[in-house]
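A.B. asks: Structure: data_17.cif, mmCIF, C-alpha atoms.
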```
data_run
#
loop_
_atom_site.label_atom_id
_atom_site.label_comp_id
_atom_site.auth_asym_id
_atom_site.auth_seq_id
_atom_site.Cartn_x
_atom_site.Cartn_y
_atom_site.Cartn_z
CA MET T 1 0.00 0.00 0.00
CA ILE T 2 1.25 3.50 -0.74
CA PHE T 3 2.03 5.33 2.49
CA GLY T 4 3.02 8.63 0.90
CA VAL T 5 4.28 10.41 -2.19
CA GLY T 6 6.41 13.50 -2.51
CA THR T 7 7.96 15.58 -5.24
CA ASP T 8 10.35 18.50 -5.35
CA ILE T 9 12.08 20.65 -7.93
CA ALA T 10 15.39 22.48 -7.52
CA LYS T 11 17.12 25.11 -9.61
CA VAL T 12 20.49 23.67 -10.66
CA SER T 13 22.35 27.01 -10.59
CA ARG T 14 21.50 27.40 -6.88
CA PHE T 15 23.96 24.59 -6.14
CA GLU T 16 26.99 26.23 -7.72
CA LYS T 17 27.88 28.05 -4.48
CA TRP T 18 27.38 24.76 -2.59
CA VAL T 19 29.68 22.83 -4.95
CA LEU T 20 32.36 25.49 -4.54
CA ASN T 21 32.10 25.23 -0.73
CA GLN T 22 32.94 21.70 0.46
CA LYS T 23 31.54 22.48 3.94
CA MET T 24 28.09 23.06 2.43
CA ILE T 25 28.25 19.75 0.59
CA GLU T 26 29.36 17.90 3.71
CA ARG T 27 26.57 19.56 5.73
CA PHE T 28 23.72 18.39 3.51
CA PHE T 29 24.90 15.24 1.75
CA ASN T 30 25.81 11.71 2.76
CA PRO T 31 29.37 10.56 2.03
CA CYS T 32 28.02 8.06 -0.54
CA GLU T 33 26.58 10.96 -2.55
CA ILE T 34 29.81 12.94 -2.33
CA SER T 35 32.20 10.18 -3.32
CA GLU T 36 29.97 8.81 -6.08
CA PHE T 37 30.33 11.89 -8.22
CA SER T 38 33.66 13.45 -7.28
CA GLY T 39 35.90 14.62 -10.10
CA ARG T 40 33.13 15.79 -12.45
CA ASN T 41 32.83 19.25 -13.97
CA LEU T 42 30.91 22.04 -12.25
CA LYS T 43 27.74 21.70 -14.34
CA HIS T 44 27.48 17.95 -13.69
CA LEU T 45 28.17 18.40 -9.99
CA CYS T 46 25.45 21.04 -9.72
CA GLU T 47 22.96 18.75 -11.48
CA HIS T 48 24.01 15.83 -9.26
CA TYR T 49 23.51 17.71 -5.99
CA ALA T 50 20.36 19.53 -7.12
CA ALA T 51 18.67 16.22 -8.01
CA ARG T 52 19.75 14.59 -4.75
CA PHE T 53 18.63 17.54 -2.63
CA ALA T 54 15.27 17.46 -4.42
CA ALA T 55 15.12 13.72 -3.59
CA LYS T 56 15.67 14.44 0.10
CA GLU T 57 12.87 17.02 -0.03
CA ALA T 58 10.61 14.57 -1.89
CA LEU T 59 11.20 11.89 0.76
CA SER T 60 10.39 14.33 3.56
CA LYS T 61 7.14 15.21 1.80
CA ALA T 62 6.27 11.53 1.26
CA LEU T 63 6.71 11.05 5.01
CA GLY T 64 4.50 14.06 5.69
CA THR T 65 6.97 15.47 8.22
CA GLY T 66 9.22 17.79 6.29
CA PHE T 67 12.81 17.64 7.48
CA SER T 68 11.75 17.53 11.12
CA GLY T 69 13.36 14.41 12.60
CA LEU T 70 15.58 13.72 9.58
CA GLU T 71 19.34 14.19 9.44
CA LEU T 72 20.19 14.97 5.83
CA LYS T 73 23.63 13.38 6.08
CA ASP T 74 22.17 10.12 7.46
CA PHE T 75 20.65 9.17 4.11
CA GLY T 76 21.63 9.57 0.50
CA ILE T 77 20.87 8.65 -3.07
CA THR T 78 23.24 6.70 -5.32
CA ASN T 79 22.83 4.87 -8.60
CA ASP T 80 22.91 1.09 -8.95
CA GLU T 81 24.96 -0.66 -11.63
CA ASN T 82 22.22 0.06 -14.20
CA GLY T 83 21.99 3.76 -13.31
CA LYS T 84 18.76 3.48 -11.31
CA PRO T 85 18.74 5.87 -8.33
CA GLU T 86 18.15 4.32 -4.93
CA PHE T 87 18.06 5.50 -1.34
CA HIS T 88 20.70 4.46 1.18
CA PHE T 89 19.56 4.98 4.76
CA GLY T 90 21.60 5.23 7.92
CA GLN T 91 20.29 3.60 11.08
CA LYS T 92 18.73 6.80 12.51
CA THR T 93 16.75 7.40 9.33
CA LYS T 94 15.61 3.77 9.11
CA GLU T 95 14.33 3.93 12.69
CA TYR T 96 12.64 7.30 12.10
CA ILE T 97 10.82 6.13 8.97
CA GLY T 98 9.86 2.90 10.77
CA ARG T 99 8.22 4.88 13.59
CA ILE T 100 6.13 6.78 11.04
CA ALA T 101 5.42 4.19 8.32
CA GLY T 102 5.64 0.97 10.33
CA LYS T 103 8.07 -1.93 10.30
CA ASN T 104 7.72 -3.05 6.68
CA TRP T 105 8.33 -0.10 4.38
CA LYS T 106 10.18 0.56 1.17
CA ALA T 107 11.14 3.89 -0.41
CA HIS T 108 11.45 4.54 -4.14
CA ILE T 109 12.97 7.52 -5.92
CA SER T 110 13.01 8.88 -9.46
CA LEU T 111 15.32 11.73 -10.50
CA SER T 112 15.54 13.88 -13.59
CA HIS T 113 17.19 17.10 -14.68
CA GLU T 114 16.77 19.29 -17.71
CA LYS T 115 18.84 22.41 -18.30
CA ASP T 116 18.11 24.66 -15.31
CA PHE T 117 16.07 22.33 -13.11
CA ALA T 118 16.25 18.99 -11.31
CA ILE T 119 13.18 17.12 -10.08
CA ALA T 120 12.64 14.14 -7.82
CA PHE T 121 9.61 11.98 -7.07
CA SER T 122 9.46 9.66 -4.07
CA VAL T 123 7.01 6.93 -3.07
CA ILE T 124 6.94 5.14 0.26
CA GLU T 125 5.25 1.76 0.41
CA ALA T 126 4.20 0.34 3.77
CA GLU T 127 2.06 -2.43 5.17
CA MET T 128 -0.87 -0.86 6.94
#
```
For the structure just supplied, provide its representation as structure tokens.

C.D. replies:
Amino acid sequence: MIFGVGTDIAKVSRFEKWVLNQKMIERFFNPCEISEFSGRNLKHLCEHYAARFAAKEALSKALGTGFSGLELKDFGITNDENGKPEFHFGQKTKEYIGRIAGKNWKAHISLSHEKDFAIAFSVIEAEM
């Protein structure tokens, strides 16, 4: 059963100042997100972080809580061997989602970017 859905859009250029300031990146992103895309050019890095920040927002909306109770660095989004984005949750985030959605839940994410914008859509499934 669908527990919640969320979507968010982010302006890619907003992330240029973040990419140029490693402390900002480390504040908002999980190490798996940082290491996955290191060494790319500025445009690709901005798209990467804009899409992943939108994904974090989309998850918070699917939960219905906003960022309250979530630590942004405790979860991240990477791509599997086929390029499909997937969430990676730290223990605190797993426990937090479990308190809200129940023991058996699964989170899905879809990312896209086009020129100036990145968008993410998240669905949380849970047994009710």

A.B. asks: Can you give me, as a PyMOL selection string, the residues this file yields under the PyMOL selection byres ((chain T and resi 124) around 9)?

C.D. replies: chain T and resi 1-6+59+62-63+101+105-109+122-123+125-126

A.B. asks: If we count only C-alpha atoms, what is near Thr93 (chain T) at a cut-off of 7 Å, once residues fewer than 6 positions away on the same chain are taken out, given as a PDB file with C-alpha atoms, in the coordinates of the input?

C.D. replies:
```pdb
ATOM      1  CA  LEU T  70      15.580  13.720   9.580  1.00  0.00           C
ATOM      2  CA  ASP T  74      22.170  10.120   7.460  1.00  0.00           C
ATOM      3  CA  PHE T  75      20.650   9.170   4.110  1.00  0.00           C
TER       4      PHE T  75
END
```

A.B. asks: Rounded to one decimal place, report the CA of Lys11 (chain T)-CA of Gly39 (chain T) distance in Å.

C.D. replies: 21.5 Å

A.B. asks: Find, counting all atoms listed in the file, the residue in T:His44, T:Lys73, T:Lys56, T:Arg27 that gets nearest to Glu86 (chain T).

C.D. replies: T:Lys56

A.B. asks: Please write as number ranges by chain the full residue list that the PyMOL selection byres ((chain T and resi 47) around 12) yields on this file.

C.D. replies: T: 9-16, 18-19, 37, 40-46, 48-54, 111-120

A.B. asks: Using all atoms listed in the file, which of T:Ala58, T:Ile97, T:Cys32, T:Ile25 sits nearest Thr78 (chain T)?

C.D. replies: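 That would be T:Cys32, the residue with the smallest distance to Thr78 (chain T).
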